[in-house]
$ cat upload.csv   # CSV, C-alpha atoms
chain,number,residue,atom,x,y,z
A,1,MET,CA,85.4,-13.4,-170.9
A,2,PRO,CA,82.7,-11.6,-168.9
A,3,ALA,CA,83.2,-10.7,-165.3
A,4,ASP,CA,81.7,-12.7,-162.5
A,5,PRO,CA,78.2,-11.4,-161.6
A,6,PHE,CA,79.4,-10.6,-158.1
A,7,ALA,CA,82.4,-8.7,-159.5
A,8,GLU,CA,80.0,-6.7,-161.7
A,9,LEU,CA,77.8,-6.0,-158.7
A,10,LEU,CA,80.8,-4.5,-156.8
A,11,ARG,CA,81.6,-2.4,-159.9
A,12,GLN,CA,78.0,-1.1,-160.1
A,13,LEU,CA,77.9,-0.2,-156.4
A,14,ARG,CA,81.0,1.9,-156.9
A,15,ARG,CA,79.7,3.6,-160.0
A,16,ASN,CA,76.4,4.3,-158.4
A,17,ALA,CA,78.3,6.0,-155.6
A,18,ASP,CA,80.0,8.1,-158.4
A,19,ARG,CA,83.5,7.0,-157.2
A,20,SER,CA,86.8,6.1,-158.9
A,21,GLN,CA,88.5,3.0,-157.8
A,22,ASP,CA,90.9,5.2,-155.7
A,23,GLU,CA,87.9,6.9,-154.1
A,24,GLN,CA,86.2,3.6,-153.4
A,25,ALA,CA,89.3,2.3,-151.6
A,26,ASP,CA,89.4,5.5,-149.5
A,27,ALA,CA,85.7,5.1,-148.7
A,28,ILE,CA,86.2,1.4,-147.6
A,29,ASN,CA,89.2,2.4,-145.5
A,30,THR,CA,87.2,5.2,-143.9
A,31,ALA,CA,84.5,2.8,-142.9
A,32,SER,CA,87.1,0.4,-141.4
A,33,GLY,CA,89.3,3.0,-139.8
A,34,ARG,CA,92.4,1.3,-141.4
A,35,ALA,CA,94.2,1.9,-144.6
A,36,THR,CA,94.2,-1.7,-145.8
A,37,VAL,CA,92.4,-1.6,-149.2
A,38,THR,CA,94.2,-0.1,-152.3
A,39,ARG,CA,92.9,0.8,-155.7
A,40,ARG,CA,94.6,-2.4,-157.0
A,41,GLU,CA,92.6,-4.5,-154.6
A,42,VAL,CA,89.3,-2.8,-155.7
A,43,SER,CA,90.3,-3.5,-159.3
A,44,ARG,CA,90.9,-7.2,-158.4
A,45,TYR,CA,87.4,-7.4,-156.8
A,46,GLU,CA,85.7,-5.9,-159.8
A,47,ASN,CA,87.6,-8.0,-162.3
A,48,GLY,CA,86.6,-11.2,-160.5
A,49,GLU,CA,90.3,-12.0,-159.6
A,50,ASN,CA,89.5,-12.0,-155.9
A,51,VAL,CA,86.4,-12.1,-153.6
A,52,PRO,CA,86.5,-9.8,-150.5
A,53,THR,CA,86.5,-11.4,-147.1
A,54,ASN,CA,83.3,-11.1,-145.1
A,55,HIS,CA,85.1,-8.6,-142.8
A,56,THR,CA,85.9,-6.4,-145.8
A,57,LEU,CA,82.3,-6.8,-147.2
A,58,GLY,CA,81.0,-5.3,-144.0
A,59,HIS,CA,83.1,-2.2,-144.7
A,60,ILE,CA,82.0,-2.1,-148.4
A,61,ALA,CA,78.4,-2.3,-147.2
A,62,VAL,CA,78.9,0.7,-144.9
A,63,ALA,CA,80.8,2.7,-147.6
A,64,CYS,CA,78.1,2.1,-150.2
A,65,GLY,CA,75.1,2.4,-147.8
A,66,VAL,CA,73.7,-1.0,-148.7
A,67,PRO,CA,72.6,-4.0,-146.5
A,68,LEU,CA,75.3,-6.5,-145.7
A,69,GLU,CA,73.3,-9.7,-145.9
A,70,PRO,CA,72.8,-9.7,-149.7
A,71,LEU,CA,76.5,-9.0,-150.2
A,72,LEU,CA,77.5,-11.9,-148.0
A,73,ARG,CA,75.1,-14.2,-149.8
A,74,GLU,CA,76.4,-13.2,-153.3
A,75,ALA,CA,80.0,-13.4,-152.2
A,76,LYS,CA,79.4,-17.0,-151.0
A,77,ALA,CA,77.9,-17.8,-154.4
A,78,ALA,CA,80.8,-16.3,-156.1
A,79,ARG,CA,83.2,-18.4,-154.1
A,80,VAL,CA,81.3,-21.5,-155.1
A,81,ARG,CA,81.5,-20.5,-158.7
A,82,ARG,CA,85.3,-20.0,-158.4
A,83,ARG,CA,85.7,-23.4,-156.9
A,84,LYS,CA,83.7,-25.0,-159.7
A,85,LYS,CA,85.4,-22.8,-162.3
A,86,ASP,CA,81.9,-21.9,-163.4
A,87,ASP,CA,82.0,-18.2,-164.4
A,88,ALA,CA,78.5,-18.1,-165.7
A,89,GLU,CA,79.8,-17.1,-169.2
A,90,GLY,CA,76.2,-16.9,-170.6
A,91,GLU,CA,75.4,-13.9,-168.4
A,92,ASP,CA,74.4,-10.9,-170.5
A,93,LEU,CA,76.5,-8.3,-168.7
A,94,ASP,CA,75.4,-5.5,-171.0
A,95,ASP,CA,72.0,-6.0,-169.6
A,96,VAL,CA,73.4,-6.0,-166.0
A,97,LYS,CA,75.1,-2.6,-166.7
A,98,ARG,CA,71.9,-1.1,-167.9
A,99,ARG,CA,70.2,-1.7,-164.6
A,100,THR,CA,70.3,0.6,-161.6
A,101,LEU,CA,71.2,-1.4,-158.5
A,102,LEU,CA,70.7,1.6,-156.2
A,103,GLY,CA,67.7,3.9,-156.4
A,104,GLY,CA,64.7,1.6,-155.8
A,105,ALA,CA,64.3,0.1,-159.3
A,106,VAL,CA,61.4,-2.3,-159.6
A,107,VAL,CA,62.8,-5.8,-160.2
A,108,GLY,CA,60.6,-8.7,-161.1
A,109,ALA,CA,60.8,-12.3,-159.7
A,110,ALA,CA,62.7,-13.5,-162.7
A,111,ALA,CA,65.3,-10.8,-162.5
A,112,ALA,CA,65.6,-11.4,-158.8
A,113,ALA,CA,67.0,-14.9,-159.5
A,114,GLU,CA,70.3,-13.3,-160.5
A,115,PRO,CA,72.8,-11.9,-158.0
A,116,TRP,CA,72.5,-8.3,-159.1
A,117,GLY,CA,68.8,-8.7,-159.3
A,118,ARG,CA,68.4,-10.0,-155.7
A,119,LEU,CA,70.3,-7.0,-154.3
A,120,ALA,CA,68.3,-4.5,-156.3
A,121,TYR,CA,65.1,-6.3,-155.2
A,122,ALA,CA,66.1,-6.1,-151.6
A,123,LEU,CA,66.9,-2.4,-151.9
A,124,SER,CA,63.6,-1.7,-153.6
A,125,LYS,CA,61.8,-3.4,-150.8
A,126,GLY,CA,63.2,-0.9,-148.3
A,127,ALA,CA,66.0,-2.9,-146.8
A,128,ARG,CA,67.6,-0.8,-144.0
A,129,ILE,CA,71.1,-0.3,-142.9
A,130,ALA,CA,72.1,-2.6,-140.0
A,131,PRO,CA,72.5,-1.1,-136.5
A,132,GLU,CA,76.2,-2.2,-136.5
A,133,SER,CA,76.8,-0.3,-139.8
A,134,ALA,CA,75.1,2.8,-138.4
A,135,SER,CA,77.2,2.6,-135.3
A,136,VAL,CA,80.4,2.4,-137.3
A,137,LEU,CA,79.5,5.5,-139.3
A,138,ILE,CA,78.5,7.5,-136.2
A,139,ASP,CA,81.6,6.4,-134.2
A,140,HIS,CA,83.9,7.2,-137.0
A,141,ALA,CA,82.5,10.7,-137.3
A,142,ALA,CA,83.3,11.3,-133.7
A,143,GLY,CA,86.8,9.9,-134.2
A,144,LEU,CA,87.6,12.3,-137.0
A,145,HIS,CA,86.9,15.2,-134.6
A,146,VAL,CA,89.5,13.8,-132.2
A,147,ASP,CA,92.0,13.2,-135.0
A,148,GLU,CA,91.7,16.9,-136.0
A,149,LEU,CA,93.8,17.8,-132.9
A,150,SER,CA,96.9,16.0,-134.2
A,151,GLU,CA,96.5,15.9,-138.0
A,152,SER,CA,97.1,18.6,-140.6
A,153,ALA,CA,94.1,19.8,-142.6
A,154,ARG,CA,95.6,18.4,-145.9
A,155,SER,CA,96.0,14.9,-144.5
A,156,LEU,CA,92.6,14.9,-142.9
A,157,GLN,CA,90.6,16.4,-145.8
A,158,ASN,CA,90.2,13.3,-147.9
A,159,ARG,CA,89.3,11.1,-144.9
A,160,VAL,CA,86.6,13.6,-143.8
A,161,GLU,CA,85.1,14.0,-147.3
A,162,SER,CA,85.1,10.2,-147.9
A,163,HIS,CA,83.3,9.6,-144.6
A,164,LEU,CA,80.7,12.2,-145.5
A,165,ASP,CA,80.2,10.4,-148.8
A,166,ALA,CA,79.7,7.1,-146.9
A,167,ILE,CA,77.1,8.6,-144.6
A,168,THR,CA,75.3,10.3,-147.6
A,169,ALA,CA,75.1,6.9,-149.3
A,170,ALA,CA,73.7,5.3,-146.2
A,171,LEU,CA,71.0,7.9,-145.4
A,172,PRO,CA,68.4,6.8,-147.9
A,173,ARG,CA,68.3,3.5,-146.1
A,174,ALA,CA,68.9,4.7,-142.6
A,175,GLY,CA,65.4,3.8,-141.2
A,176,ALA,CA,65.3,4.1,-137.5
A,177,HIS,CA,68.9,5.5,-137.5
A,178,GLU,CA,68.0,8.4,-139.8
A,179,ARG,CA,68.2,11.1,-137.1
A,180,ALA,CA,71.5,9.8,-135.6
A,181,LEU,CA,73.0,9.5,-139.1
A,182,THR,CA,71.8,13.0,-140.1
A,183,ILE,CA,73.5,14.4,-137.0
A,184,ALA,CA,76.7,12.5,-137.8
A,185,ALA,CA,76.5,13.8,-141.3
A,186,GLY,CA,76.3,17.3,-140.0
A,187,GLU,CA,79.2,16.9,-137.6
A,188,THR,CA,81.3,15.5,-140.5
A,189,ALA,CA,80.2,18.3,-142.8
A,190,ALA,CA,81.2,20.9,-140.2
A,191,LEU,CA,84.6,19.3,-139.9
A,192,ALA,CA,85.0,19.3,-143.6
A,193,GLY,CA,84.2,23.0,-143.6
A,194,TRP,CA,86.8,23.6,-140.9
A,195,VAL,CA,89.4,21.7,-142.8
A,196,ALA,CA,88.5,23.5,-146.1
A,197,TRP,CA,88.7,26.9,-144.4
A,198,ASP,CA,92.2,26.0,-143.1
A,199,LEU,CA,93.3,25.2,-146.6
A,200,GLY,CA,92.0,28.6,-147.9
A,201,GLU,CA,88.9,27.2,-149.6
A,202,HIS,CA,86.6,29.6,-148.0
A,203,ASP,CA,83.6,29.3,-150.3
A,204,LYS,CA,83.7,25.5,-149.9
A,205,ALA,CA,83.9,25.9,-146.1
A,206,ALA,CA,80.8,28.2,-146.2
A,207,ALA,CA,78.9,25.6,-148.2
A,208,TYR,CA,79.8,22.9,-145.7
A,209,TYR,CA,78.6,25.0,-142.8
A,210,GLN,CA,75.3,25.6,-144.6
A,211,VAL,CA,74.9,21.9,-145.1
A,212,THR,CA,75.6,21.4,-141.4
A,213,SER,CA,72.8,23.9,-140.5
A,214,GLU,CA,70.5,22.1,-142.8
A,215,CYS,CA,71.3,18.8,-141.1
A,216,ALA,CA,70.6,20.5,-137.7
A,217,LYS,CA,67.2,21.7,-139.0
A,218,GLU,CA,66.3,18.3,-140.5
A,219,ALA,CA,67.3,16.4,-137.3
A,220,GLY,CA,65.8,19.0,-134.9
A,221,HIS,CA,69.2,19.3,-133.2
A,222,PRO,CA,70.1,23.0,-132.5
A,223,PRO,CA,73.6,22.1,-131.0
A,224,LEU,CA,74.6,21.1,-134.5
A,225,ARG,CA,73.9,24.6,-135.8
A,226,ALA,CA,76.0,25.9,-132.9
A,227,LEU,CA,78.9,23.8,-134.2
A,228,ALA,CA,78.6,25.4,-137.7
A,229,LEU,CA,78.3,28.9,-136.2
A,230,GLY,CA,81.3,28.3,-133.9
A,231,TYR,CA,83.5,27.2,-136.7
A,232,ALA,CA,82.2,29.9,-139.1
A,233,SER,CA,82.8,32.6,-136.5
A,234,TYR,CA,86.6,32.4,-137.1
A,235,GLY,CA,86.1,33.6,-140.6
A,236,ALA,CA,83.4,36.2,-139.9
A,237,ALA,CA,83.7,39.5,-141.8
A,238,THR,CA,83.7,41.6,-138.6
A,239,PRO,CA,83.9,41.1,-134.9
A,240,GLY,CA,80.3,42.2,-134.6
A,241,LYS,CA,79.2,39.5,-137.0
A,242,ALA,CA,81.3,36.9,-135.1
A,243,LEU,CA,79.6,38.0,-131.8
A,244,GLU,CA,76.2,37.7,-133.4
A,245,MET,CA,76.9,34.1,-134.6
A,246,LEU,CA,78.4,33.1,-131.2
A,247,SER,CA,75.4,34.6,-129.4
A,248,GLN,CA,73.1,32.4,-131.4
A,249,ALA,CA,75.4,29.4,-130.9
A,250,ALA,CA,75.2,29.9,-127.1
A,251,GLN,CA,71.4,29.9,-127.4
A,252,ASP,CA,71.5,26.7,-129.4
A,253,VAL,CA,73.3,24.8,-126.7
A,254,ARG,CA,71.3,25.9,-123.7
A,255,GLY,CA,69.9,23.0,-121.7
A,256,HIS,CA,70.8,19.6,-120.3
A,257,GLY,CA,73.6,17.6,-122.0
A,258,ASN,CA,75.2,20.6,-123.8
A,259,ALA,CA,77.5,22.0,-121.1
A,260,THR,CA,80.8,21.4,-123.0
A,261,ALA,CA,79.3,22.9,-126.2
A,262,ALA,CA,78.1,25.9,-124.1
A,263,ALA,CA,81.6,26.3,-122.6
A,264,TRP,CA,83.1,26.5,-126.1
A,265,ALA,CA,80.4,28.9,-127.5
A,266,LEU,CA,80.8,31.2,-124.5
A,267,GLY,CA,84.6,31.0,-124.5
A,268,ARG,CA,84.7,32.0,-128.2
A,269,TYR,CA,82.2,34.8,-127.4
A,270,ALA,CA,84.6,36.0,-124.7
A,271,GLU,CA,87.5,36.0,-127.2
A,272,GLU,CA,85.6,38.0,-129.8
A,273,ALA,CA,84.2,40.4,-127.2
A,274,ALA,CA,87.7,41.1,-125.9
A,275,GLN,CA,88.9,41.9,-129.4
A,276,SER,CA,86.0,44.2,-130.0
A,277,GLY,CA,86.8,46.1,-126.8
A,278,ASP,CA,83.8,44.9,-124.7
A,279,ASP,CA,85.9,44.1,-121.5
A,280,ALA,CA,82.9,43.5,-119.2
A,281,GLY,CA,81.1,41.3,-121.8
A,282,ALA,CA,84.3,39.3,-122.4
A,283,LEU,CA,85.0,38.6,-118.7
A,284,ARG,CA,81.4,37.7,-118.0
A,285,ALA,CA,81.3,35.2,-120.9
A,286,LEU,CA,84.6,33.7,-119.9
A,287,GLU,CA,83.3,33.2,-116.3
A,288,GLN,CA,80.2,31.5,-117.7
A,289,ALA,CA,82.3,29.3,-120.0
A,290,ARG,CA,84.4,28.1,-117.1
A,291,PHE,CA,81.4,27.5,-114.9
A,292,ALA,CA,79.8,25.4,-117.7
A,293,TYR,CA,82.9,23.4,-118.3
A,294,ASP,CA,83.3,22.6,-114.6
A,295,PHE,CA,79.9,20.9,-114.6
A,296,ALA,CA,80.2,19.3,-118.1
A,297,ASN,CA,80.2,15.5,-118.7
A,298,HIS,CA,82.8,15.6,-121.5
A,299,THR,CA,82.5,11.9,-122.4
A,300,SER,CA,78.7,11.6,-122.9
A,301,GLU,CA,77.9,14.8,-124.8
A,302,GLN,CA,78.2,15.6,-128.5
A,303,ALA,CA,81.1,13.9,-130.3
A,304,TRP,CA,82.5,17.2,-131.6
A,305,VAL,CA,83.1,18.7,-128.2
A,306,ARG,CA,85.9,16.3,-127.5
A,307,PHE,CA,88.4,18.9,-128.8
A,308,LEU,CA,87.5,21.1,-125.8
A,309,THR,CA,90.1,19.8,-123.4
A,310,PRO,CA,91.3,21.6,-120.2
A,311,TYR,CA,94.2,22.8,-122.4
A,312,ARG,CA,91.9,24.4,-124.8
A,313,MET,CA,90.0,26.1,-122.0
A,314,ASP,CA,93.4,27.5,-120.8
A,315,SER,CA,94.0,28.9,-124.3
A,316,LEU,CA,90.6,30.7,-124.3
A,317,ALA,CA,91.4,32.3,-120.9
A,318,LEU,CA,94.9,33.3,-122.0
A,319,SER,CA,93.5,34.8,-125.2
A,320,VAL,CA,91.0,36.9,-123.3
A,321,TYR,CA,93.3,38.0,-120.5
A,322,GLY,CA,96.1,38.9,-122.9
A,323,GLU,CA,93.8,40.9,-125.1
A,324,LEU,CA,92.5,42.8,-122.1
A,325,LYS,CA,95.9,43.1,-120.4
A,326,ARG,CA,94.5,41.7,-117.2
A,327,GLN,CA,96.5,40.9,-114.2
A,328,GLU,CA,95.0,37.4,-114.2
A,329,LEU,CA,97.2,36.6,-117.2
A,330,THR,CA,100.3,35.7,-115.1
A,331,VAL,CA,98.7,33.2,-112.8
A,332,THR,CA,96.7,31.7,-115.7
A,333,ALA,CA,99.9,31.3,-117.8
A,334,ASP,CA,101.7,29.6,-114.9
A,335,SER,CA,98.7,27.2,-114.4
A,336,ALA,CA,98.6,26.5,-118.1
A,337,VAL,CA,102.3,25.7,-118.3
A,338,GLU,CA,102.1,23.4,-115.3
A,339,ARG,CA,99.1,21.6,-116.8
A,340,LEU,CA,101.0,21.0,-120.1
A,341,GLY,CA,103.8,19.3,-118.3
A,342,LYS,CA,106.9,17.9,-120.0
A,343,GLU,CA,105.1,15.9,-122.7
A,344,LEU,CA,103.2,18.4,-124.8
A,345,PRO,CA,99.7,17.0,-125.7
A,346,ASP,CA,98.3,17.5,-129.2
A,347,SER,CA,95.9,20.2,-128.0
A,348,GLY,CA,98.7,21.9,-126.1
A,349,VAL,CA,99.9,23.6,-129.3
A,350,VAL,CA,97.0,26.0,-129.1
A,351,VAL,CA,97.9,26.8,-125.5
A,352,LEU,CA,101.4,27.7,-126.4
A,353,GLY,CA,100.1,29.9,-129.2
A,354,ASP,CA,97.7,31.8,-127.0
A,355,LEU,CA,100.3,32.0,-124.3
A,356,ALA,CA,102.9,33.5,-126.6
A,357,SER,CA,100.4,35.9,-128.1
A,358,ALA,CA,99.1,36.9,-124.7
A,359,LEU,CA,102.6,37.6,-123.3
A,360,LEU,CA,103.6,39.7,-126.3
A,361,ARG,CA,100.4,41.7,-126.1
A,362,GLY,CA,100.8,42.1,-122.3
A,363,GLY,CA,104.3,43.5,-122.7
A,364,ASP,CA,106.4,40.5,-121.5
A,365,VAL,CA,108.4,40.5,-124.8
A,366,ASP,CA,111.3,38.3,-123.7
A,367,ARG,CA,109.1,35.5,-122.3
A,368,GLY,CA,106.7,35.9,-125.2
A,369,VAL,CA,109.5,35.4,-127.8
A,370,TYR,CA,110.7,32.3,-125.9
A,371,VAL,CA,107.3,30.8,-125.9
A,372,ALA,CA,106.8,31.8,-129.5
A,373,ARG,CA,109.8,29.7,-130.5
A,374,GLN,CA,108.5,26.7,-128.5
A,375,PHE,CA,105.2,27.2,-130.3
A,376,ALA,CA,106.8,27.3,-133.7
A,377,ALA,CA,108.5,24.0,-133.1
A,378,ALA,CA,105.4,22.4,-131.6
A,379,ALA,CA,103.1,23.6,-134.4
A,380,GLU,CA,105.2,22.0,-137.1
A,381,SER,CA,105.5,18.7,-135.3
A,382,LYS,CA,101.8,18.6,-134.3
A,383,PRO,CA,100.1,20.4,-137.2
A,384,ASN,CA,96.4,21.4,-136.8
A,385,THR,CA,94.1,24.1,-137.8
A,386,MET,CA,94.3,26.2,-134.7
A,387,GLY,CA,98.1,26.1,-134.7
A,388,ARG,CA,98.1,27.7,-138.2
A,389,GLN,CA,95.7,30.4,-137.1
A,390,ARG,CA,97.6,31.2,-133.9
A,391,ALA,CA,100.9,31.6,-135.9
A,392,GLN,CA,99.5,34.7,-137.7
A,393,SER,CA,98.5,36.3,-134.4
A,394,ILE,CA,101.9,35.7,-132.8
A,395,ALA,CA,103.8,37.0,-135.9
A,396,ALA,CA,101.8,40.3,-135.7
A,397,TRP,CA,103.0,40.9,-132.1
A,398,LEU,CA,106.7,39.9,-132.4
A,399,PRO,CA,109.2,42.8,-132.2
A,400,ASP,CA,111.1,43.9,-135.3
A,401,THR,CA,114.2,42.2,-134.0
A,402,GLU,CA,112.4,38.8,-134.5
A,403,ARG,CA,111.7,39.3,-138.2
A,404,ASP,CA,113.0,35.8,-139.1
A,405,LEU,CA,110.8,34.1,-136.5
A,406,ALA,CA,107.8,36.2,-137.7
A,407,GLY,CA,108.5,35.3,-141.3
A,408,HIS,CA,108.7,31.7,-140.4
A,409,LEU,CA,105.4,31.8,-138.6
A,410,LEU,CA,103.6,33.6,-141.4
A,411,ALA,CA,105.0,31.1,-143.9
A,412,PHE,CA,103.7,28.3,-141.7
A,413,ALA,CA,100.3,30.0,-141.4
A,414,SER,CA,99.9,30.3,-145.2
$ encode --input "upload.csv" --output "structure tokens"
Amino acid sequence: MPADPFAELLRQLRRNADRSQDEQADAINTASGRATVTRREVSRYENGENVPTNHTLGHIAVACGVPLEPLLREAKAARVRRRKKDDAEGEDLDDVKRRTLLGGAVVGAAAAAEPWGRLAYALSKGARIAPESASVLIDHAAGLHVDELSESARSLQNRVESHLDAITAALPRAGAHERALTIAAGETAALAGWVAWDLGEHDKAAAYYQVTSECAKEAGHPPLRALALGYASYGAATPGKALEMLSQAAQDVRGHGNATAAAWALGRYAEEAAQSGDDAGALRALEQARFAYDFANHTSEQAWVRFLTPYRMDSLALSVYGELKRQELTVTADSAVERLGKELPDSGVVVLGDLASALLRGGDVDRGVYVARQFAAAAESKPNTMGRQRAQSIAAWLPDTERDLAGHLLAFAS
């Protein structure tokens, strides 16, 4: 018995997105922000055993980058057929499968009488993604950058790549939302690169950063290139190359509305300058970073700057002062510990890492080892990319008597 036309439509939408049923379930869950759809449920939809609810159809539309209204209309017709037990057995499904539902195929009036034909016809006429669907995609891109603070790279990677896939599917029909979705695509691609780099997939990371820069150019949005450069600077071949990238990033975020991004670019420049031996340049950049952060509006600027919390600013200062062995390290460390409080926030892992590394570099070995142990426990309970990177730095400064701790941190970092 042939599948219901609407079931076949859902199958074709998935195939045109080049996804398996598992990947389609992930894409729908990414659009909804909840893990409620399984591969089995996708299979039931495509075999005509079940018709998605209107709520789920909204997420399917976002995941596949198609208008919602035609899906709602065809789902309603499918429910009527189910009630009447009329499965339209005369439908020539082989002909349906030969047609491209996505890609602007020209469909005549006769073909448009069928469910699959009406959707293809709507798409060929330039139907655009709904504002609500665009908002879901944009907001979810922002949410992924927040989740990065508390999730491991491995657990986050599939969600990030699935969301990038959803935005990519939506872009051809973005209409008035094209620039906003292109920026969201770039933000998601940058995070995908960051996650890939954390997992040791360096070539993949570089490709994602390049895509981010292309999105920045396409959208005319230099801060997006700054994001790519900031992430890529952690894997730069030399300190000089990192400084060059971060200098460009700082230029890209000059101007109104970019204060938080500027604070990060300048703070990272200060870190790299300190490591390269440019004491004056490092201190000057750190002062500029703190000034920019004090005047930033952290809730209304780019989505990806949400990771730059006061705790992260503390970690940047600790990193610089520790590397330069500055007397400001002690008071900064005390202030950072007080800010962390008893309940360690997700972004506090980075602070503990920089504090431990700074104390060890500054010669306060006993206190440095104590904080390093706190960091090791926190990094495993709240895994994130920066924690893994900090583990390597701390291990390099631990004394020989702490070989077990150093080995544990290096294993965690790898």
$ closest_atom_pairs --input "upload.csv" --of "stretch 163-265 of chain A" --to "stretch 66-79 of chain A" --cutoff "12 Å" --atoms "all atoms listed in the file" --output "Markdown table"
| residue | atom | partner | partner_atom | distance |
| --- | --- | --- | --- | --- |
| A:Ala166 | CA | A:Val66 | CA | 10.2 |
| A:Ile167 | CA | A:Val66 | CA | 11.0 |
| A:Thr168 | CA | A:Val66 | CA | 11.5 |
| A:Ala169 | CA | A:Val66 | CA | 8.0 |
| A:Ala170 | CA | A:Val66 | CA | 6.8 |
| A:Leu171 | CA | A:Val66 | CA | 9.9 |
| A:Pro172 | CA | A:Val66 | CA | 9.5 |
| A:Arg173 | CA | A:Val66 | CA | 7.5 |
| A:Ala174 | CA | A:Val66 | CA | 9.6 |
| A:Gly175 | CA | A:Pro67 | CA | 11.9 |
$ residues_around --input "upload.csv" --residues "A:Asn29" --least-positions-apart "2" --cutoff "12 Å" --atoms "only C-alpha atoms" --output "count of residues only"
33
$ atom_distance --input "upload.csv" --atom1 "atom CA of A:Tyr45" --atom2 "atom CA of A:Leu10"
7.2 Å
$ axis_aligned_box --input "upload.csv" --around "stretch 403-409 of chain A" --padding-each-side "6 Å" --output "AutoDock Vina command-line options"
--center_x 109.2 --center_y 35.5 --center_z -138.9 --size_x 19.6 --size_y 19.6 --size_z 16.8
$ closest_residue --input "upload.csv" --among "A:Leu283, A:Leu199, A:Ala180, A:Ala207" --to "A:Leu156" --atoms "only C-alpha atoms"
A:Leu199
$ residues_around --input "upload.csv" --residues "A:Ala141" --least-positions-apart "5" --cutoff "9 Å" --atoms "all atoms listed in the file" --output "number ranges by chain"
A: 136, 160, 163-164, 184-185, 187-188, 303-304
$ closest_residue --input "upload.csv" --among "A:Glu271, A:Asp252, A:Glu214, A:Asp294" --to "A:Tyr234" --atoms "all atoms listed in the file"
A:Glu271
$ atom_distance --input "upload.csv" --atom1 "atom CA of A:Ala333" --atom2 "atom CA of A:Val320"
11.9 Å
$ residues_near_point --input "upload.csv" --point "(87.7, 43.2, -124.8)" --cutoff "12 Å" --atoms "all atoms listed in the file" --output "list in words"
Pro239, Leu243, Tyr269, Ala270, Glu271, Glu272, Ala273, Ala274, Gln275, Ser276, Gly277, Asp278, Asp279, Ala280, Gly281, Ala282, Leu283, Arg284, Ala285, Leu286, Ser319, Val320, Tyr321, Gly322, Glu323, Leu324, Lys325 and Arg326 of chain A
$ residues_near_point --input "upload.csv" --point "(83.3, 29.1, -145.6)" --cutoff "7 Å" --atoms "all atoms listed in the file" --output "ChimeraX atom specification"
/A:193,197,202-207,209,232
$ closest_residue --input "upload.csv" --among "A:Glu287, A:Gln302, A:Ala153, A:Leu246" --to "A:Ile183" --atoms "only C-alpha atoms"
A:Gln302
$ closest_atom_pairs --input "upload.csv" --of "stretch 349-385 of chain A" --to "stretch 404-407 of chain A" --cutoff "12 Å" --atoms "all atoms listed in the file" --output "Markdown table"
| residue | atom | partner | partner_atom | distance |
| --- | --- | --- | --- | --- |
| A:Val369 | CA | A:Leu405 | CA | 8.9 |
| A:Tyr370 | CA | A:Leu405 | CA | 10.8 |
| A:Val371 | CA | A:Leu405 | CA | 11.6 |
| A:Ala372 | CA | A:Leu405 | CA | 8.4 |
| A:Arg373 | CA | A:Leu405 | CA | 7.5 |
| A:Gln374 | CA | A:Leu405 | CA | 11.1 |
| A:Phe375 | CA | A:Leu405 | CA | 10.8 |
| A:Ala376 | CA | A:Leu405 | CA | 8.4 |
| A:Ala377 | CA | A:Leu405 | CA | 10.9 |
$ atom_distance --input "upload.csv" --atom1 "atom CA of A:Leu355" --atom2 "atom CA of A:Glu244"
26.4 Å
$ residues_around --input "upload.csv" --residues "A:His256" --least-positions-apart "4" --cutoff "12 Å" --atoms "all atoms listed in the file" --output "list of chain:residue names"
A:Pro223, A:Asp252, A:Thr260, A:Ala261, A:Ala262, A:Ala292, A:Phe295, A:Ala296, A:Asn297, A:Ser300, A:Glu301, A:Gln302
$ closest_atom_pairs --input "upload.csv" --of "stretch 274-298 of chain A" --to "stretch 305-316 of chain A" --cutoff "9 Å" --atoms "only C-alpha atoms" --output "Markdown table"
| residue | atom | partner | partner_atom | distance |
| --- | --- | --- | --- | --- |
| A:Leu286 | CA | A:Leu316 | CA | 8.0 |
| A:Ala289 | CA | A:Met313 | CA | 8.6 |
| A:Arg290 | CA | A:Met313 | CA | 7.7 |
| A:Tyr293 | CA | A:Met313 | CA | 8.4 |
| A:His298 | CA | A:Arg306 | CA | 6.8 |
$ residues_around --input "upload.csv" --residues "A:Gln392" --least-positions-apart "6" --cutoff "10 Å" --atoms "all atoms listed in the file" --output "PDB file with C-alpha atoms, in the frame of the given file"
ATOM      1  CA  GLY A 353     100.100  29.900-129.200  1.00  0.00           C
ATOM      2  CA  SER A 357     100.400  35.900-128.100  1.00  0.00           C
ATOM      3  CA  ALA A 406     107.800  36.200-137.700  1.00  0.00           C
ATOM      4  CA  GLY A 407     108.500  35.300-141.300  1.00  0.00           C
ATOM      5  CA  LEU A 409     105.400  31.800-138.600  1.00  0.00           C
ATOM      6  CA  LEU A 410     103.600  33.600-141.400  1.00  0.00           C
ATOM      7  CA  ALA A 411     105.000  31.100-143.900  1.00  0.00           C
ATOM      8  CA  PHE A 412     103.700  28.300-141.700  1.00  0.00           C
ATOM      9  CA  ALA A 413     100.300  30.000-141.400  1.00  0.00           C
ATOM     10  CA  SER A 414      99.900  30.300-145.200  1.00  0.00           C
TER      11      SER A 414
END
$ closest_residue --input "upload.csv" --among "A:Cys64, A:Ile394, A:Thr30, A:Asn47" --to "A:Arg14" --atoms "all atoms listed in the file"
A:Cys64
